[in-house]
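Shown next, in structure tokens, is the structure this report addresses.
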Amino acid sequence: MSSPEHSPLGKSTVYADRYDAGLLFPIPRQGKRDEIGVSGAALPFHGVDIWNGYELSWLDARGKPVVAVAEFRFPASTPNIVESKSFKLYLNGFAQERVASAALVRDMLVRDLSAAAGGPVAVELRSPGELEGTVLGEPEGILLDALDLDIDCYGPPRPDFLDTHEGHVREVLVSHLLRSNCPVTGQPDWGSVQIAYTGRPLDREGLLRYLVSFREHSEFHEQCVERIFMDVSARCTPEALSVYARYTRRGGLDINPFRSTDPASVPGNPRGARQ
């Protein structure tokens with residue numbers, strides 16, 4: 001039973017404070033990929049889902065609390081995503097668990113998350129002292145949000161808004177107006193999206209209308225980014241394309257999916273002002 005309706009989302013929950021890997025709830029990616037024409041045998045993109053966990057704490061061997069911020073990288077090639085509330089419950093379970101070192105905590109996280117995702121997950125832990133001097137970084141590119149246009153379509157997504165013009169460019173376009181909704185609870189997910197491409201110039205007004213048409217659409221973060229990637233690919237046929245969304249946090253977690261035609265492209269993890 002791994003469909004979203006069987007997850008902890010939208011249900012009353014007892015918040016455990018002891019470690020329990022069984023709290024993690026994997027959801028197969030393939031069901032939603034089938035909807036956008038993506039075969040699991042040969043993905044048309046490379047990428048990663050970067051999660052940041054701001055509420056991780058455990059007890060050291062003497063019972064003293066330790067606090068850390070975690071970065072998790074789930075390759076897009078893993079067969080499962082992990083439902084975010086189950087992830088939060090799992091991380092909360094470390095709160096009263098005695099673990100001798102941060103290295104052991106990291107090993108536990110790598111083991112459990114890799115098992116849930118069905119492939120290797122990378123984990124990095126940072127102490128609060130290591131975060132000193134952290135600089136906020138917004139997605140770079142040409143901002144679309146000041147375009148003067150009327151919009152009256154907020155869902156479902158409208159790939160027919162996407163179009164191109166004559167010419168050839170290499171450019172990066174950005175919008176902070178992305179919003180979608182949790183497919184189980186209906187709660188809004190807010191984000192910024194960066195689209196880097198090479199090819200015929202994208203029609204910017206059409207692209208912004210397209211991104212806003214996710215506003216009442218229900219899909220998980222990872223699924224929205226893959227839909228954007230596939231729609232732009234199909235409608236605009238760029239020579240190269242990368243789509244990176246930076247979503248705001250919920251429950252101490254933010255999710256930042258990246259998809260690209262370039263297998264060597266590795267995204268950074270800049271924390272935005274809204275994160």
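We name chains A, B, ... following the order of the structure tokens; residues begin at 1 in each chain, and ligands are numbered from 1 as shown.
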Residue list (alpha helix (DSSP H), DSSP) for range 69-222 of chain A, as number ranges by chain: A: 84-92, 102-117, 204-212, 221-222
Atoms kept (N, CA, C and O atoms) for selection, written as a compact mmCIF listing (two decimals), in the first residue's frame:
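As written to disk, selection.txt reads:
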```txt
# COMPACT_ATOMS: atom_id res chain seq x y z
N SER A 84 6.59 13.38 2.41
CA SER A 84 7.27 14.34 3.28
C SER A 84 6.84 14.26 4.74
O SER A 84 7.66 14.45 5.64
N LYS A 85 5.56 13.98 5.03
CA LYS A 85 5.17 13.89 6.44
C LYS A 85 5.81 12.67 7.09
O LYS A 85 6.25 12.74 8.25
N SER A 86 5.89 11.58 6.36
CA SER A 86 6.55 10.40 6.92
C SER A 86 8.03 10.68 7.17
O SER A 86 8.61 10.19 8.15
N PHE A 87 8.64 11.47 6.31
CA PHE A 87 10.03 11.87 6.47
C PHE A 87 10.18 12.70 7.76
O PHE A 87 11.10 12.49 8.56
N LYS A 88 9.27 13.64 7.96
CA LYS A 88 9.30 14.47 9.17
C LYS A 88 9.15 13.60 10.42
O LYS A 88 9.88 13.76 11.41
N LEU A 89 8.20 12.67 10.40
CA LEU A 89 7.99 11.79 11.56
C LEU A 89 9.23 10.96 11.84
O LEU A 89 9.62 10.75 13.00
N TYR A 90 9.85 10.48 10.78
CA TYR A 90 11.08 9.68 10.92
C TYR A 90 12.19 10.51 11.57
O TYR A 90 12.85 10.06 12.51
N LEU A 91 12.40 11.72 11.07
CA LEU A 91 13.44 12.57 11.65
C LEU A 91 13.13 12.93 13.10
O LEU A 91 14.04 12.97 13.95
N ASN A 92 11.86 13.19 13.41
CA ASN A 92 11.48 13.47 14.80
C ASN A 92 11.82 12.32 15.72
O ASN A 92 12.06 12.52 16.92
N ALA A 102 27.75 11.98 15.34
CA ALA A 102 27.04 12.46 14.15
C ALA A 102 27.30 11.53 12.97
O ALA A 102 26.42 11.34 12.12
N ALA A 103 28.48 10.95 12.90
CA ALA A 103 28.79 10.02 11.81
C ALA A 103 27.86 8.82 11.82
O ALA A 103 27.41 8.34 10.77
N LEU A 104 27.55 8.32 13.02
CA LEU A 104 26.62 7.19 13.12
C LEU A 104 25.21 7.60 12.73
O LEU A 104 24.48 6.82 12.09
N VAL A 105 24.79 8.81 13.11
CA VAL A 105 23.47 9.30 12.69
C VAL A 105 23.42 9.37 11.16
O VAL A 105 22.44 8.93 10.54
N ARG A 106 24.46 9.92 10.57
CA ARG A 106 24.51 10.00 9.11
C ARG A 106 24.41 8.61 8.48
O ARG A 106 23.66 8.41 7.50
N ASP A 107 25.12 7.64 9.02
CA ASP A 107 25.07 6.28 8.48
C ASP A 107 23.66 5.71 8.56
O ASP A 107 23.21 5.02 7.63
N MET A 108 22.97 5.97 9.66
CA MET A 108 21.59 5.50 9.81
C MET A 108 20.68 6.15 8.78
O MET A 108 19.84 5.48 8.14
N LEU A 109 20.84 7.45 8.57
CA LEU A 109 20.03 8.16 7.59
C LEU A 109 20.28 7.64 6.18
O LEU A 109 19.34 7.40 5.42
N VAL A 110 21.54 7.46 5.82
CA VAL A 110 21.88 6.95 4.49
C VAL A 110 21.25 5.58 4.28
O VAL A 110 20.62 5.30 3.24
N ARG A 111 21.39 4.70 5.27
CA ARG A 111 20.87 3.34 5.14
C ARG A 111 19.35 3.33 4.98
O ARG A 111 18.80 2.69 4.06
N ASP A 112 18.65 4.05 5.84
CA ASP A 112 17.19 4.00 5.84
C ASP A 112 16.60 4.70 4.62
O ASP A 112 15.65 4.19 3.99
N LEU A 113 17.13 5.86 4.27
CA LEU A 113 16.58 6.61 3.14
C LEU A 113 16.89 5.92 1.82
O LEU A 113 16.07 5.93 0.90
N SER A 114 18.06 5.32 1.71
CA SER A 114 18.40 4.57 0.49
C SER A 114 17.47 3.38 0.33
O SER A 114 17.04 3.06 -0.79
N ALA A 115 17.15 2.72 1.44
CA ALA A 115 16.23 1.58 1.38
C ALA A 115 14.84 2.04 0.94
O ALA A 115 14.18 1.38 0.12
N ALA A 116 14.37 3.18 1.47
CA ALA A 116 13.04 3.67 1.12
C ALA A 116 12.98 4.15 -0.33
O ALA A 116 12.01 3.90 -1.04
N ALA A 117 14.04 4.85 -0.77
CA ALA A 117 14.06 5.39 -2.13
C ALA A 117 14.34 4.32 -3.18
O ALA A 117 14.01 4.50 -4.35
N ARG A 204 8.09 34.42 -23.46
CA ARG A 204 8.13 34.62 -22.01
C ARG A 204 6.74 34.78 -21.40
O ARG A 204 6.48 34.28 -20.30
N GLU A 205 5.86 35.48 -22.09
CA GLU A 205 4.50 35.62 -21.57
C GLU A 205 3.81 34.26 -21.50
O GLU A 205 3.14 33.94 -20.52
N GLY A 206 3.97 33.47 -22.54
CA GLY A 206 3.36 32.14 -22.54
C GLY A 206 3.93 31.26 -21.46
O GLY A 206 3.21 30.51 -20.80
N LEU A 207 5.25 31.35 -21.23
CA LEU A 207 5.88 30.56 -20.18
C LEU A 207 5.35 30.96 -18.81
O LEU A 207 5.05 30.08 -17.98
N LEU A 208 5.21 32.26 -18.55
CA LEU A 208 4.69 32.68 -17.25
C LEU A 208 3.25 32.23 -17.06
O LEU A 208 2.88 31.76 -15.98
N ARG A 209 2.44 32.36 -18.09
CA ARG A 209 1.05 31.87 -18.00
C ARG A 209 1.04 30.37 -17.70
O ARG A 209 0.23 29.88 -16.91
N TYR A 210 1.93 29.64 -18.35
CA TYR A 210 2.02 28.20 -18.12
C TYR A 210 2.39 27.90 -16.67
O TYR A 210 1.75 27.05 -16.02
N LEU A 211 3.37 28.58 -16.13
CA LEU A 211 3.79 28.32 -14.75
C LEU A 211 2.68 28.67 -13.76
O LEU A 211 2.45 27.93 -12.79
N VAL A 212 1.97 29.75 -14.01
CA VAL A 212 0.87 30.13 -13.12
C VAL A 212 -0.28 29.12 -13.20
O VAL A 212 -1.03 28.93 -12.24
N HIS A 221 5.99 17.91 -5.39
CA HIS A 221 7.01 18.81 -5.92
C HIS A 221 7.77 18.16 -7.09
O HIS A 221 7.94 18.78 -8.15
N GLU A 222 8.26 16.95 -6.86
CA GLU A 222 9.07 16.27 -7.86
C GLU A 222 8.29 16.06 -9.15
O GLU A 222 8.83 16.19 -10.25
```
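Residues with any atom within 6 Å of range 133-148 of chain A, counting only C-alpha atoms and excluding same-chain neighbours fewer than 4 positions away, are Val172, Leu173, Val174, Ser175, Pro270, Arg271 and Gly272 of chain A.
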Tell me which protein, DNA and RNA residues are within 12 Å of Gly31 in chain A, counting only C-alpha atoms, leaving out same-chain ones fewer than 4 positions away, and put them as a list in words. Ser2, Ser3, Pro4, Ile27, Glu35, Ile36, Gly37, Val38, Ser39, Gly40, Pro79, Asn80, Ile81, Glu219 and Gln223 of chain A
Provide the CA of Asp34 in chain A to CA of Thr248 in chain A distance in Å, to one decimal place. 27.0 Å
Calculated over only C-alpha atoms, which of the candidates A:Arg73, A:Arg98, A:Arg33, A:Arg62 has the smallest distance to Tyr19 in chain A?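 Of the candidates, the smallest distance to Tyr19 in chain A is held by A:Arg98.
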How many Å separate CA of Glu166 in chain A from CA of Ser192 in chain A? 27.3 Å
So that I can see what lies close to Leu125 in chain A, please list as a count of residues only the residues with an atom at most 10 Å from it, counting only C-alpha atoms and leaving out residues fewer than 3 positions away in the same chain. 15
Using backbone DSSP assignments, extract all strand (DSSP E or B) residues from range 60-246 of chain A; output them as a ChimeraX atom specification. /A:65-75,80-82,98,122-126,142-143,164,169-181,188-199,202,218,240-246
As a ChimeraX atom specification, please: the residues near range 256-264 of chain A (cut-off 12 Å, only C-alpha atoms, same-chain neighbours under 6 positions excluded). /A:43-53,71-77,81,139,189-198,220-230,232-233,237-249,270-272,275
